[in-house]
Structures are given as structure tokens and as C-alpha cells.
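Reproduced below: upload-v6.cif, with mmCIF, C-alpha atoms and all ligand atoms.
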```
data_run
loop_
_atom_site.label_atom_id
_atom_site.label_comp_id
_atom_site.auth_asym_id
_atom_site.auth_seq_id
_atom_site.Cartn_x
_atom_site.Cartn_y
_atom_site.Cartn_z
CA MET A 1 -64.54 -93.79 -118.46
CA LYS A 2 -66.48 -96.91 -117.54
CA PRO A 3 -65.29 -99.64 -115.17
CA GLU A 4 -63.71 -102.81 -116.52
CA VAL A 5 -66.07 -105.76 -116.82
CA PHE A 6 -66.54 -107.61 -113.52
CA GLU A 7 -68.70 -110.39 -112.10
CA TYR A 8 -71.19 -109.18 -109.49
CA HIS A 9 -72.01 -111.07 -106.27
CA SER A 10 -74.54 -110.14 -103.62
CA PRO A 11 -74.12 -112.29 -100.49
CA THR A 12 -76.64 -112.03 -97.66
CA SER A 13 -74.30 -112.99 -94.81
CA ALA A 14 -70.75 -112.15 -93.73
CA GLU A 15 -69.90 -115.88 -93.93
CA ASP A 16 -70.99 -115.98 -97.59
CA ALA A 17 -68.97 -112.85 -98.34
CA VAL A 18 -65.87 -114.52 -96.85
CA THR A 19 -66.51 -117.69 -98.89
CA LEU A 20 -66.75 -115.59 -102.05
CA MET A 21 -63.44 -113.92 -101.19
CA GLU A 22 -61.87 -117.35 -100.72
CA GLU A 23 -63.24 -118.54 -104.07
CA HIS A 24 -62.25 -115.48 -106.10
CA GLU A 25 -58.72 -114.17 -105.90
CA ASP A 26 -59.23 -110.80 -107.56
CA ALA A 27 -62.26 -109.61 -105.63
CA GLU A 28 -63.19 -106.26 -104.11
CA LEU A 29 -65.80 -105.54 -101.44
CA LEU A 30 -68.43 -102.93 -102.19
CA ALA A 31 -70.22 -101.02 -99.42
CA GLY A 32 -71.57 -97.49 -99.93
CA ASN A 33 -69.76 -97.10 -103.28
CA GLN A 34 -68.75 -93.52 -102.48
CA SER A 35 -65.04 -94.20 -103.04
CA LEU A 36 -64.78 -97.50 -104.89
CA GLY A 37 -67.15 -96.50 -107.68
CA VAL A 38 -64.98 -93.52 -108.59
CA GLN A 39 -61.82 -95.64 -108.43
CA MET A 40 -63.37 -98.27 -110.71
CA ALA A 41 -64.72 -95.70 -113.15
CA ASN A 42 -61.20 -94.28 -113.43
CA ARG A 43 -59.72 -97.79 -113.72
CA LEU A 44 -57.68 -97.22 -110.55
CA ALA A 45 -59.40 -100.39 -109.34
CA ALA A 46 -60.42 -103.12 -111.75
CA PRO A 47 -61.46 -106.22 -109.79
CA ASP A 48 -62.69 -109.31 -111.66
CA HIS A 49 -65.28 -109.87 -108.92
CA LEU A 50 -67.30 -107.35 -106.98
CA ILE A 51 -68.78 -108.55 -103.69
CA ASP A 52 -71.62 -106.21 -102.76
CA LEU A 53 -72.20 -106.19 -98.99
CA ASN A 54 -75.40 -104.15 -99.08
CA GLU A 55 -77.76 -107.11 -98.66
CA ILE A 56 -76.10 -108.20 -95.41
CA GLU A 57 -78.68 -106.84 -92.96
CA ASP A 58 -76.76 -108.24 -89.95
CA LEU A 59 -74.01 -105.65 -90.49
CA LYS A 60 -76.37 -102.66 -90.09
CA TYR A 61 -76.73 -101.80 -86.40
CA ILE A 62 -75.67 -99.68 -83.43
CA SER A 63 -75.92 -101.70 -80.25
CA GLU A 64 -74.97 -101.72 -76.60
CA THR A 65 -72.30 -104.24 -75.55
CA GLY A 66 -71.34 -105.08 -71.95
CA ASP A 67 -68.97 -102.13 -71.69
CA GLY A 68 -69.59 -100.04 -74.76
CA ILE A 69 -71.16 -99.49 -78.13
CA GLU A 70 -70.69 -101.69 -81.19
CA ILE A 71 -71.41 -100.41 -84.69
CA GLY A 72 -71.90 -102.75 -87.66
CA ALA A 73 -69.70 -102.15 -90.69
CA LEU A 74 -72.61 -101.45 -93.01
CA THR A 75 -74.07 -98.69 -90.84
CA ARG A 76 -74.42 -95.52 -92.92
CA HIS A 77 -72.83 -92.19 -91.93
CA THR A 78 -76.30 -90.62 -91.62
CA THR A 79 -77.44 -93.30 -89.18
CA ILE A 80 -74.37 -92.68 -87.01
CA ALA A 81 -74.76 -88.89 -87.23
CA GLU A 82 -78.42 -89.08 -86.21
CA SER A 83 -78.09 -91.68 -83.46
CA ASP A 84 -79.39 -90.35 -80.12
CA HIS A 85 -77.60 -93.22 -78.42
CA LEU A 86 -74.22 -92.13 -79.82
CA ASP A 87 -74.99 -88.46 -79.32
CA ARG A 88 -75.52 -89.19 -75.62
CA GLU A 89 -72.66 -91.61 -74.98
CA LEU A 90 -69.99 -90.97 -77.64
CA PRO A 91 -70.91 -87.64 -79.25
CA LEU A 92 -67.56 -87.48 -81.04
CA LEU A 93 -68.69 -90.27 -83.36
CA ALA A 94 -72.01 -88.66 -84.19
CA GLU A 95 -70.38 -85.25 -84.69
CA ALA A 96 -67.62 -86.60 -86.96
CA ALA A 97 -70.10 -88.63 -89.04
CA GLY A 98 -72.23 -85.51 -89.52
CA GLU A 99 -69.21 -83.64 -90.91
CA ILE A 100 -68.46 -86.17 -93.66
CA ALA A 101 -69.02 -84.68 -97.13
CA GLY A 102 -72.63 -83.79 -97.99
CA PRO A 103 -75.96 -85.60 -97.50
CA SER A 104 -75.71 -87.82 -100.59
CA VAL A 105 -72.34 -89.27 -99.48
CA ARG A 106 -73.54 -89.59 -95.88
CA ASN A 107 -76.70 -91.41 -96.93
CA MET A 108 -74.74 -94.10 -98.74
CA GLY A 109 -71.22 -94.20 -97.22
CA THR A 110 -70.58 -96.72 -94.45
CA LEU A 111 -68.38 -97.12 -91.41
CA GLY A 112 -66.77 -100.26 -92.86
CA GLY A 113 -66.08 -98.58 -96.19
CA SER A 114 -64.39 -95.67 -94.48
CA LEU A 115 -62.29 -97.93 -92.24
CA GLY A 116 -61.57 -100.22 -95.20
CA GLU A 117 -60.38 -97.30 -97.29
CA ALA A 118 -58.15 -96.26 -94.37
CA ASP A 119 -57.48 -92.75 -95.58
CA PRO A 120 -55.54 -91.02 -92.75
CA ALA A 121 -57.77 -87.98 -93.36
CA GLY A 122 -60.93 -90.05 -92.77
CA ASN A 123 -63.22 -88.92 -89.98
CA TYR A 124 -63.84 -92.38 -88.49
CA PRO A 125 -60.19 -93.48 -88.56
CA THR A 126 -59.34 -90.30 -86.61
CA VAL A 127 -62.19 -90.51 -84.13
CA MET A 128 -61.86 -94.27 -83.59
CA THR A 129 -58.17 -93.69 -82.84
CA ALA A 130 -59.01 -91.05 -80.23
CA LEU A 131 -61.60 -93.37 -78.67
CA ASP A 132 -59.27 -96.40 -78.77
CA ALA A 133 -61.75 -98.55 -80.68
CA THR A 134 -61.50 -102.25 -81.43
CA ILE A 135 -62.03 -103.31 -85.03
CA THR A 136 -63.51 -106.76 -85.60
CA LEU A 137 -62.57 -108.65 -88.75
CA GLN A 138 -64.16 -111.81 -90.07
CA GLY A 139 -62.24 -114.28 -92.21
CA PRO A 140 -62.12 -117.99 -93.07
CA ASP A 141 -61.08 -118.88 -89.50
CA GLY A 142 -63.77 -116.80 -87.78
CA THR A 143 -63.53 -113.35 -86.21
CA ARG A 144 -60.61 -111.54 -84.60
CA ASP A 145 -60.30 -108.21 -82.80
CA VAL A 146 -57.65 -105.65 -83.67
CA ASP A 147 -56.83 -102.55 -81.65
CA VAL A 148 -57.38 -99.52 -83.87
CA GLN A 149 -53.76 -98.40 -83.51
CA ASP A 150 -52.58 -101.79 -84.86
CA PHE A 151 -55.26 -101.73 -87.56
CA HIS A 152 -53.82 -98.69 -89.35
CA ILE A 153 -50.41 -99.59 -90.77
CA ALA A 154 -49.62 -96.94 -93.38
CA TYR A 155 -51.35 -94.69 -95.85
CA MET A 156 -54.43 -96.68 -96.95
CA MET A 157 -52.95 -99.92 -95.55
CA THR A 158 -54.51 -101.88 -92.73
CA ALA A 159 -54.07 -105.11 -90.78
CA ARG A 160 -57.00 -106.63 -92.72
CA GLU A 161 -56.01 -109.80 -94.57
CA GLU A 162 -57.16 -110.31 -98.15
CA GLU A 163 -59.95 -112.76 -97.28
CA GLU A 164 -61.27 -110.77 -94.32
CA LEU A 165 -63.97 -108.16 -94.07
CA ILE A 166 -64.52 -105.56 -91.37
CA VAL A 167 -67.69 -106.51 -89.50
CA SER A 168 -67.80 -103.93 -86.71
CA ALA A 169 -66.06 -101.36 -84.54
CA THR A 170 -66.54 -101.26 -80.77
CA VAL A 171 -65.79 -98.42 -78.38
CA SER A 172 -65.70 -98.84 -74.62
CA THR A 173 -67.80 -96.16 -72.90
CA SER A 174 -66.46 -96.68 -69.38
CA PRO A 175 -63.56 -94.19 -69.81
CA PHE A 176 -66.14 -91.52 -70.72
CA PRO A 177 -68.66 -91.09 -67.88
CA ILE A 178 -71.74 -89.11 -68.91
CA GLY A 179 -71.92 -85.82 -67.01
CA ARG A 180 -68.14 -85.41 -66.71
CA THR A 181 -67.04 -85.93 -70.32
CA GLY A 182 -66.84 -83.53 -73.23
CA MET A 183 -65.84 -84.32 -76.80
CA SER A 184 -65.09 -82.28 -79.89
CA PHE A 185 -64.28 -82.82 -83.56
CA GLN A 186 -62.60 -79.93 -85.36
CA GLU A 187 -61.41 -79.73 -88.94
CA ILE A 188 -60.06 -77.50 -91.69
CA LYS A 189 -61.96 -77.81 -94.94
CA ARG A 190 -61.07 -75.54 -97.79
CA VAL A 191 -64.36 -76.22 -99.55
CA PRO A 192 -67.56 -77.55 -97.92
CA HIS A 193 -68.45 -81.19 -98.59
CA THR A 194 -64.87 -82.27 -99.28
CA TRP A 195 -62.24 -84.12 -97.27
CA PRO A 196 -60.57 -82.22 -94.40
CA LYS A 197 -57.02 -80.96 -94.85
CA LEU A 198 -56.58 -81.63 -91.15
CA SER A 199 -58.83 -82.75 -88.32
CA ALA A 200 -58.59 -83.15 -84.56
CA ALA A 201 -60.71 -85.34 -82.30
CA ALA A 202 -60.63 -84.73 -78.56
CA ALA A 203 -62.27 -86.13 -75.44
CA VAL A 204 -61.81 -84.70 -71.96
CA VAL A 205 -63.03 -86.14 -68.65
CA VAL A 206 -63.02 -83.75 -65.67
CA ASP A 207 -63.15 -84.59 -61.97
CA ASP A 208 -66.04 -82.27 -61.12
CA PRO A 209 -67.72 -80.06 -63.73
CA ASP A 210 -69.16 -77.81 -61.00
CA ALA A 211 -65.81 -77.10 -59.33
CA ASP A 212 -64.25 -73.63 -59.66
CA GLU A 213 -61.39 -75.11 -61.66
CA PRO A 214 -62.30 -78.58 -62.89
CA VAL A 215 -59.26 -80.81 -63.32
CA VAL A 216 -58.72 -82.96 -66.41
CA GLU A 217 -58.69 -86.58 -65.27
CA GLU A 218 -58.31 -88.07 -68.73
CA ALA A 219 -57.71 -86.60 -72.17
CA ARG A 220 -57.71 -88.12 -75.62
CA LEU A 221 -56.40 -86.36 -78.69
CA ALA A 222 -55.98 -87.69 -82.23
CA PHE A 223 -55.41 -86.05 -85.59
CA GLY A 224 -56.48 -86.88 -89.11
CA ASN A 225 -54.12 -86.18 -92.03
CA ALA A 226 -51.25 -85.16 -89.72
CA ALA A 227 -49.21 -88.30 -90.54
CA ASP A 228 -49.55 -91.32 -92.82
CA VAL A 229 -51.87 -92.97 -90.26
CA PRO A 230 -54.42 -91.43 -87.89
CA LEU A 231 -52.27 -89.99 -85.14
CA ARG A 232 -52.96 -90.34 -81.41
CA THR A 233 -50.82 -87.84 -79.49
CA GLU A 234 -50.38 -89.33 -76.03
CA ALA A 235 -47.70 -86.81 -75.00
CA ALA A 236 -50.21 -84.03 -75.65
CA GLU A 237 -52.81 -85.89 -73.58
CA ASP A 238 -50.29 -86.23 -70.72
CA ALA A 239 -49.58 -82.49 -70.90
CA VAL A 240 -53.15 -81.57 -69.96
CA GLU A 241 -54.03 -84.40 -67.57
CA GLY A 242 -53.97 -83.17 -63.96
CA THR A 243 -54.35 -79.53 -65.04
CA SER A 244 -57.31 -77.19 -65.28
CA LEU A 245 -56.45 -76.66 -68.92
CA ASP A 246 -54.68 -73.37 -68.36
CA GLU A 247 -52.75 -71.68 -71.16
CA ASP A 248 -49.43 -73.32 -70.17
CA ALA A 249 -50.97 -76.79 -70.34
CA LEU A 250 -52.58 -76.08 -73.70
CA SER A 251 -49.31 -74.72 -75.10
CA ALA A 252 -47.42 -77.81 -73.88
CA ALA A 253 -50.05 -80.03 -75.52
CA ALA A 254 -49.79 -78.07 -78.76
CA GLU A 255 -45.98 -78.41 -78.78
CA ALA A 256 -46.19 -82.16 -78.09
CA ALA A 257 -48.75 -82.67 -80.85
CA MET A 258 -46.67 -80.71 -83.35
CA ASP A 259 -43.58 -82.78 -82.41
CA ALA A 260 -45.49 -86.02 -83.03
CA SER A 261 -46.98 -84.94 -86.35
CA GLU A 262 -45.43 -85.75 -89.72
CA PRO A 263 -47.87 -84.29 -92.20
CA ALA A 264 -47.46 -84.68 -95.93
CA GLY A 265 -47.70 -81.49 -97.93
CA GLU A 266 -50.51 -81.19 -100.44
CA MET A 267 -52.05 -78.56 -102.69
CA GLN A 268 -53.27 -75.59 -100.66
CA ALA A 269 -51.72 -77.00 -97.45
CA ASP A 270 -47.98 -77.59 -97.33
CA ALA A 271 -46.40 -79.66 -94.56
CA GLU A 272 -45.20 -76.62 -92.59
CA TYR A 273 -48.68 -75.08 -92.57
CA LYS A 274 -50.26 -78.36 -91.51
CA GLU A 275 -47.77 -78.85 -88.67
CA ASP A 276 -48.48 -75.33 -87.46
CA GLN A 277 -52.22 -76.04 -87.60
CA VAL A 278 -51.74 -79.22 -85.55
CA GLY A 279 -50.73 -76.93 -82.70
CA VAL A 280 -53.69 -74.61 -83.27
CA PHE A 281 -56.13 -77.52 -83.50
CA ALA A 282 -54.69 -79.30 -80.45
CA LYS A 283 -55.61 -76.26 -78.39
CA ARG A 284 -58.94 -75.71 -80.10
CA ALA A 285 -60.16 -79.30 -79.83
CA LEU A 286 -59.05 -79.77 -76.22
CA GLN A 287 -60.59 -76.46 -75.15
CA ALA A 288 -63.89 -77.26 -76.88
CA ALA A 289 -63.99 -80.74 -75.32
CA TYR A 290 -63.25 -79.26 -71.88
CA ASP A 291 -65.97 -76.62 -72.31
CA ASN A 292 -68.43 -79.31 -73.39
CA ALA A 293 -67.57 -81.36 -70.28
CA LEU A 294 -68.51 -78.38 -68.10
CA GLU A 295 -71.81 -77.93 -69.89
CA GLU A 296 -72.87 -81.56 -69.35
C1 LIG A 301 -67.19 -85.86 -102.27
C2 LIG A 301 -66.76 -86.76 -101.15
C3 LIG A 301 -66.35 -86.18 -99.96
C4 LIG A 301 -65.96 -86.97 -98.89
N1 LIG A 301 -65.59 -86.37 -97.72
C5 LIG A 301 -65.23 -87.14 -96.68
C6 LIG A 301 -64.86 -86.56 -95.43
O1 LIG A 301 -64.93 -85.36 -95.22
N2 LIG A 301 -64.48 -87.39 -94.44
C7 LIG A 301 -64.45 -88.76 -94.59
O2 LIG A 301 -64.12 -89.47 -93.65
N3 LIG A 301 -64.81 -89.33 -95.75
C8 LIG A 301 -65.18 -88.57 -96.79
N4 LIG A 301 -65.55 -89.16 -97.97
C9 LIG A 301 -65.48 -90.64 -98.09
C10 LIG A 301 -66.78 -91.26 -97.62
O3 LIG A 301 -66.77 -91.28 -96.21
C11 LIG A 301 -66.90 -92.69 -98.14
O4 LIG A 301 -68.22 -93.04 -97.95
C12 LIG A 301 -66.03 -93.74 -97.46
O5 LIG A 301 -64.70 -93.43 -97.44
C13 LIG A 301 -66.13 -95.05 -98.17
O6 LIG A 301 -67.26 -95.69 -97.68
P1 LIG A 301 -68.17 -96.53 -98.62
O7 LIG A 301 -69.10 -97.25 -97.73
O8 LIG A 301 -68.74 -95.69 -99.69
O9 LIG A 301 -67.15 -97.60 -99.23
P2 LIG A 301 -66.83 -98.12 -100.75
O10 LIG A 301 -66.61 -96.95 -101.61
O11 LIG A 301 -67.95 -99.02 -101.13
O12 LIG A 301 -65.53 -98.91 -100.43
C14 LIG A 301 -64.33 -98.25 -100.08
C15 LIG A 301 -63.22 -99.28 -99.82
O13 LIG A 301 -63.49 -99.98 -98.62
C16 LIG A 301 -63.56 -101.39 -98.85
N5 LIG A 301 -64.62 -101.90 -97.99
C17 LIG A 301 -65.92 -101.53 -97.96
N6 LIG A 301 -66.58 -102.17 -96.97
C18 LIG A 301 -65.67 -102.96 -96.36
C19 LIG A 301 -65.73 -103.87 -95.26
N7 LIG A 301 -66.84 -104.08 -94.55
N8 LIG A 301 -64.60 -104.52 -94.91
C20 LIG A 301 -63.44 -104.30 -95.58
N9 LIG A 301 -63.31 -103.46 -96.62
C21 LIG A 301 -64.42 -102.79 -97.00
C22 LIG A 301 -63.88 -101.53 -100.33
O14 LIG A 301 -63.44 -102.77 -100.84
C23 LIG A 301 -63.13 -100.35 -100.92
O15 LIG A 301 -61.77 -100.68 -101.09
C24 LIG A 301 -65.95 -88.39 -99.03
C25 LIG A 301 -66.36 -88.98 -100.24
C26 LIG A 301 -66.77 -88.17 -101.29
C27 LIG A 301 -67.23 -88.83 -102.55
#
```
Structure re-expressed in C-alpha cells:
Amino acid sequence: MKPEVFEYHSPTSAEDAVTLMEEHEDAELLAGNQSLGVQMANRLAAPDHLIDLNEIEDLKYISETGDGIEIGALTRHTTIAESDHLDRELPLLAEAAGEIAGPSVRNMGTLGGSLGEADPAGNYPTVMTALDATITLQGPDGTRDVDVQDFHIAYMMTAREEEELIVSATVSTSPFPIGRTGMSFQEIKRVPHTWPKLSAAAAVVVDDPDADEPVVEEARLAFGNAADVPLRTEAAEDAVEGTSLDEDALSAAAEAAMDASEPAGEMQADAEYKEDQVGVFAKRALQAAYDNALEE
């Protein structure tokens, strides 16, 4: 099938994109076209106006802020995966970007498109939730910041208003001191280059990586596709904080994560299997993050 007829717009600034959204009621934003194109070709989306963001150079960047790293919405998955800056300071982001689909999707797909699509299985939604990111939206009244946990409302629904676009995501690096932090992204994929059935994103900060039994000072753990929004499991984090990640602590974290999860069943992965795997992946992701912290 071919898409319905639409009028094409190519603004060169975020302000112009917002103006176009104000002027045209039935408009859709286009970024990397890795999801929207398929939806339009199948007539699952049929906007009258298509606002292509690709000429907005100001939305393509990875930059240092006072306390963290800000990534522009039009930054491609490949750029994030290959960023030395991110690999050093927030390796979870680079690792998760590198696991998205195959090279052709990564070369075109964008951070903003992935957050805009808000699939609870999406790598960035999961990782940004673990890292407690702030999403910045721009609309007719200027910009506003939304905590990632308030951004995701339900399956493919976000706090973004109709006339707003995502302009960036920012992650504070101060909770993750280099040299004492390890991170890990783990996922189940039935077939390479497809979406994960389940994913887990973990970060662990230890008190002293050279100690005999380093103690977990801070843990972060979030899951993709384990509920209808990306799921941060704070009870699981609490279960390992203050421990040296022994088997009891890992089992308590796994139990807490399974209790918090509400996965939907799907082909090749029913809800019971996914809930069971939440426990397995809680342990696996936390252990890998802890091991990475000790190798720093
Ligand atoms: C075969 C395949 C496998 C994939 N596997 C994975 C995977 O393993 N993990 C994963 O996370 N993703 C996966 N994806 C999705 C991929 O990451 C897409 O690139 C991404 O979801 C959409 O990004 P995009 O830039 O292509 O957005 P588009 O397709 O251009 O847009 C997607 C949606 O986001 C909206 N949008 C775009 N930009 C903005 C913005 N700045 N502000 C607000 N709304 C915006 C659009 O209006 C549209 O509704 C896969 C895709 C394919 C085709």
C-alpha cells in the first residue's frame, strides 16, 4: 500500500516546526522515518500534513550541561552508540543505542522519534527511565521540562501536547561517578535486529571498587516491555543498596522486580514467561553493572 496524500513541510528551526503544528491540525512529525513510514504505508497513520524535522540542525547534538549530558532529539542512534563522551560517562545510553535493530535503522532512527513513539519496549524509554532523565518539550509557549517518569503515561502515550515537539533529553551525571559506576543493558531478542521481548537497564555505584566486598551505594533498575510503560523498580534498587550484591540481595531484588511488573503477553512470550524473565534479568543486569563498576 502507499500512504494517503499529504502536504510536506520542511522547517529549519524548532520554532517553525511548532508554528506549523499550530497552523495545521492534522499534522505528524517525521524524524528518522523508521516507524512512521511503515505506519503511513499501512494507513495506520494518515496525516494531512507531514512536518519533516530533518533539516533542523540545532536538534542534532550531544553536549555537556552544568551537571550532565543533553542529547538533541534529532541525534541518530548510531551517533549515540558511537559517542566516546557517552561511552565514558553514561555507557548505558551508548550500549542501548547500539542494540537497536540493525545498522540501517540505527543510521536513520532518532532519539526524539523513539521517545515520541513511546513504545514501552523501546531502548531509550527504558534506559532514560533508569537514568531518571528529563525530557524537554517545545511548544507555542516555549519549552518545558518533564521528568521521564511523568512523560510516559501509557502504552504509546506521553505527556507531550499536540503542538509540542521533543527537543532534547538530559541526564544528570553526578549520581554516576566515573571509576565507581557500572552500567548494563540486557535484553531478550528472539530474532536479531528486532524489538526486544524484554529488556533491563541497570546502573550500580559502589563505595570502593578495590575493597574486598564493595558495597552498593546506589542502584538503578528499569525494565522495557514489562508493563505498559517503561518500569523503574525502586523496591528492587532498595533491596541491593547497602549490600555487596550477595545472592540473598539479588534474589530479593528479583522478587521485588517481578512483583512490580505487569507484562502483557505476546506471541512467543506470554505474560507468565515475561514475569519470570523479569526476575532473571533483574539479577543479570544488576550483576553485570556491579561487575562493570569493579572493572572501572
Ligand atoms: C526493524 C526494526 C527494528 C527495531 N528495533 C528496535 C529496538 O530493538 N529497540 C528500539 O528501541 N527501537 C527499535 N526500532 C525502532 C527505531 O528505534 C525507530 O527508529 C524509532 O522508534 C523511531 O525513530 P524515528 O526517528 O525513526 O521516528 P519516526 O519514525 O520518524 O517517528 C516515530 C514517531 O515519533 C514522532 N516523533 C518523531 N520525532 C519527534 C519529536 N522530536 N518530537 C515528538 N514526536 C516525534 C513521530 O511523529 C512519530 O509518531 C526498530 C525499528 C525497526 C524498523
Please enclose the listed atoms of ligand LIG 301 (chain A) in an axis-aligned box, pad each side by 5 Å, and write out the centre and the three edge lengths in Å, rounded to one decimal, as AutoDock Vina command-line options.
```
--center_x -65.4 --center_y -94.9 --center_z -98.1 --size_x 17.3 --size_y 29.2 --size_z 18.9
```
Please, which residues in chain A fall within 8 Å of ligand LIG 301 (chain A) when counting only C-alpha atoms and all ligand atoms, and what is the closest atom pair and distance in Å to one decimal for each, ordered by chain then residue number, as a tab-separated table?
```
residue	atom	partner	partner_atom	distance
A:Glu28	CA	A:LIG301	O14	4.8
A:Leu29	CA	A:LIG301	O14	3.7
A:Leu30	CA	A:LIG301	O11	4.1
A:Ala31	CA	A:LIG301	O11	3.5
A:Gly32	CA	A:LIG301	O7	3.3
A:Asn33	CA	A:LIG301	O11	3.4
A:Gln34	CA	A:LIG301	O8	3.5
A:Ser35	CA	A:LIG301	O10	3.5
A:Leu36	CA	A:LIG301	O10	3.8
A:Gly37	CA	A:LIG301	O10	6.1
A:Val38	CA	A:LIG301	O10	7.9
A:Leu53	CA	A:LIG301	N6	7.2
A:Ala73	CA	A:LIG301	N7	5.2
A:Leu74	CA	A:LIG301	N7	6.5
A:Arg76	CA	A:LIG301	O7	7.4
A:His77	CA	A:LIG301	O3	7.5
A:Ala97	CA	A:LIG301	O2	7.6
A:Glu99	CA	A:LIG301	O1	6.3
A:Ile100	CA	A:LIG301	O1	3.9
A:Ala101	CA	A:LIG301	N1	3.9
A:Gly102	CA	A:LIG301	C3	7.0
A:Val105	CA	A:LIG301	O4	5.8
A:Arg106	CA	A:LIG301	O4	6.7
A:Met108	CA	A:LIG301	O8	6.3
A:Gly109	CA	A:LIG301	O4	3.3
A:Thr110	CA	A:LIG301	O7	3.6
A:Leu111	CA	A:LIG301	O7	6.4
A:Gly112	CA	A:LIG301	N7	4.2
A:Gly113	CA	A:LIG301	O9	3.4
A:Ser114	CA	A:LIG301	O5	3.7
A:Leu115	CA	A:LIG301	O13	6.8
A:Gly116	CA	A:LIG301	O13	3.9
A:Glu117	CA	A:LIG301	C15	4.3
A:Ala118	CA	A:LIG301	O5	7.8
A:Asp119	CA	A:LIG301	O5	7.5
A:Ala121	CA	A:LIG301	O2	6.5
A:Gly122	CA	A:LIG301	O2	3.4
A:Asn123	CA	A:LIG301	O2	3.8
A:Tyr124	CA	A:LIG301	O2	5.9
A:Pro125	CA	A:LIG301	O2	7.6
A:Leu137	CA	A:LIG301	N8	7.7
A:Arg160	CA	A:LIG301	C20	7.4
A:Glu164	CA	A:LIG301	C20	6.9
A:Leu165	CA	A:LIG301	N8	3.8
A:Ile166	CA	A:LIG301	N8	3.7
A:Val167	CA	A:LIG301	N7	5.7
A:Ser168	CA	A:LIG301	N7	7.9
A:His193	CA	A:LIG301	C3	5.6
A:Thr194	CA	A:LIG301	C3	4.2
A:Trp195	CA	A:LIG301	O1	3.6
A:Pro196	CA	A:LIG301	O1	5.4
```
Env of region 247-251 of chain A: 8 Å cut, atoms = all atoms listed in the file, seq-sep filter 6 positions within chain, self excluded. Answer as a PyMOL selection string. chain A and resi 239-240+282-283+286
Keeping only C-alpha atoms, take the residues you just selected and write them out as a CSV table (one decimal), in the frame of the given file.
```csv
chain,number,residue,atom,x,y,z
A,239,ALA,CA,-49.6,-82.5,-70.9
A,240,VAL,CA,-53.2,-81.6,-70.0
A,282,ALA,CA,-54.7,-79.3,-80.4
A,283,LYS,CA,-55.6,-76.3,-78.4
A,286,LEU,CA,-59.0,-79.8,-76.2
```
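Between CA of Asn54 (chain A) and CA of Ala17 (chain A) the interatomic distance comes to 10.8 Å.
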By how many Å are CA of Glu163 (chain A) and CA of Met21 (chain A) apart? 5.4 Å
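Using all atoms listed in the file for every distance, the candidate list A:Leu221, A:Val205, A:Val146, A:Ile71 yields A:Leu221 as the residue closest to Thr126 (chain A).
If you measure from each of A:Asn292, A:Ser172, A:Asn225, A:Ser13 to Ile51 (chain A) using all atoms listed in the file, the closest one turns out to be A:Ser13.
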Close residues, Val215 (chain A) itself excluded, 7 Å, all atoms listed in the file, min 5 positions apart in chain, as a list of chain:residue names: A:Val206, A:Asp207, A:Gly242, A:Thr243, A:Ser244
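Distance check against Ile178 (chain A) using all atoms listed in the file: of A:His24, A:Arg284, A:Lys274, A:His85, the minimum falls on A:His85.
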Could you tell me which of A:Lys197, A:Gln287, A:Thr75, A:Arg220 comes closest to Glu275 (chain A) if we count only C-alpha atoms? A:Lys197
May I have the residues within 7 Å of region 133-136 of chain A as a list in words, using all atoms listed in the file and disregarding those fewer than 2 positions away in the same chain? Met128, Thr129, Leu131, Gln138, Thr143, Arg144, Asp145, Val146, Asp147, Val148, Ile166, Val167, Ser168, Ala169, Thr170 and Val171 of chain A
Go ahead and write the selection's residues with C-alpha atoms as an mmCIF file, in the frame of the given file.
```cif
data_model
loop_
_atom_site.group_PDB
_atom_site.id
_atom_site.type_symbol
_atom_site.label_atom_id
_atom_site.label_comp_id
_atom_site.auth_asym_id
_atom_site.auth_seq_id
_atom_site.Cartn_x
_atom_site.Cartn_y
_atom_site.Cartn_z
ATOM 1 C CA MET A 128 -61.860 -94.270 -83.590
ATOM 2 C CA THR A 129 -58.170 -93.690 -82.840
ATOM 3 C CA LEU A 131 -61.600 -93.370 -78.670
ATOM 4 C CA GLN A 138 -64.160 -111.810 -90.070
ATOM 5 C CA THR A 143 -63.530 -113.350 -86.210
ATOM 6 C CA ARG A 144 -60.610 -111.540 -84.600
ATOM 7 C CA ASP A 145 -60.300 -108.210 -82.800
ATOM 8 C CA VAL A 146 -57.650 -105.650 -83.670
ATOM 9 C CA ASP A 147 -56.830 -102.550 -81.650
ATOM 10 C CA VAL A 148 -57.380 -99.520 -83.870
ATOM 11 C CA ILE A 166 -64.520 -105.560 -91.370
ATOM 12 C CA VAL A 167 -67.690 -106.510 -89.500
ATOM 13 C CA SER A 168 -67.800 -103.930 -86.710
ATOM 14 C CA ALA A 169 -66.060 -101.360 -84.540
ATOM 15 C CA THR A 170 -66.540 -101.260 -80.770
ATOM 16 C CA VAL A 171 -65.790 -98.420 -78.380
#
```
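CA of Met40 (chain A) to CA of Pro11 (chain A) spans 20.4 Å [interatomic distance, one decimal].
With distances taken over all atoms listed in the file, A:Ala14 is the one residue among A:Arg43, A:Ala271, A:Gly224, A:Ala14 lying closest to Lys60 (chain A).
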Can you tell me which residues surround Glu162 (chain A) at a distance of at most 9 Å, considering only C-alpha atoms, apart from same-chain residues fewer than 4 positions away, and format the answer as a PyMOL selection string? chain A and resi 21-22+25+139
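Using all atoms listed in the file, the residues found no farther than 12 Å from Asp87 (chain A), other than those of its own chain fewer than 2 positions away, are A:Ile62, A:Ile69, A:Thr79, A:Ile80, A:Ala81, A:Glu82, A:Ser83, A:Asp84, A:His85, A:Glu89, A:Leu90, A:Pro91, A:Leu92, A:Leu93, A:Ala94, A:Glu95, A:Ala96, A:Ala97, A:Gly98, A:Ile178, A:Gly182, A:Met183, A:Ser184.
Minimum atom-to-atom distance to Ala219 (chain A), evaluated using all atoms listed in the file, belongs to A:Ala130 out of A:Ala252, A:Ala159, A:Ala260, A:Ala130.
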For the structure just given, write the atoms of region 262-283 of chain A, namely C-alpha atoms, as an mmCIF file, in the first residue's frame.
```cif
data_model
loop_
_atom_site.group_PDB
_atom_site.id
_atom_site.type_symbol
_atom_site.label_atom_id
_atom_site.label_comp_id
_atom_site.auth_asym_id
_atom_site.auth_seq_id
_atom_site.Cartn_x
_atom_site.Cartn_y
_atom_site.Cartn_z
ATOM 1 C CA GLU A 262 2.727 -6.311 34.768
ATOM 2 C CA PRO A 263 3.808 -7.614 31.395
ATOM 3 C CA ALA A 264 1.385 -8.121 28.546
ATOM 4 C CA GLY A 265 1.537 -11.497 26.865
ATOM 5 C CA GLU A 266 2.515 -11.620 23.218
ATOM 6 C CA MET A 267 3.379 -14.195 20.582
ATOM 7 C CA GLN A 268 6.365 -16.284 21.670
ATOM 8 C CA ALA A 269 6.391 -14.658 25.139
ATOM 9 C CA ASP A 270 3.322 -14.996 27.337
ATOM 10 C CA ALA A 271 2.878 -12.845 30.443
ATOM 11 C CA GLU A 272 3.952 -15.609 32.841
ATOM 12 C CA TYR A 273 7.193 -16.206 30.946
ATOM 13 C CA LYS A 274 7.940 -12.496 30.809
ATOM 14 C CA GLU A 275 7.330 -12.046 34.543
ATOM 15 C CA ASP A 276 9.652 -14.953 35.249
ATOM 16 C CA GLN A 277 12.289 -13.396 32.999
ATOM 17 C CA VAL A 278 11.983 -10.070 34.845
ATOM 18 C CA GLY A 279 13.422 -11.896 37.847
ATOM 19 C CA VAL A 280 16.193 -13.487 35.771
ATOM 20 C CA PHE A 281 17.061 -10.184 34.110
ATOM 21 C CA ALA A 282 16.973 -8.217 37.367
ATOM 22 C CA LYS A 283 19.754 -10.441 38.651
#
```
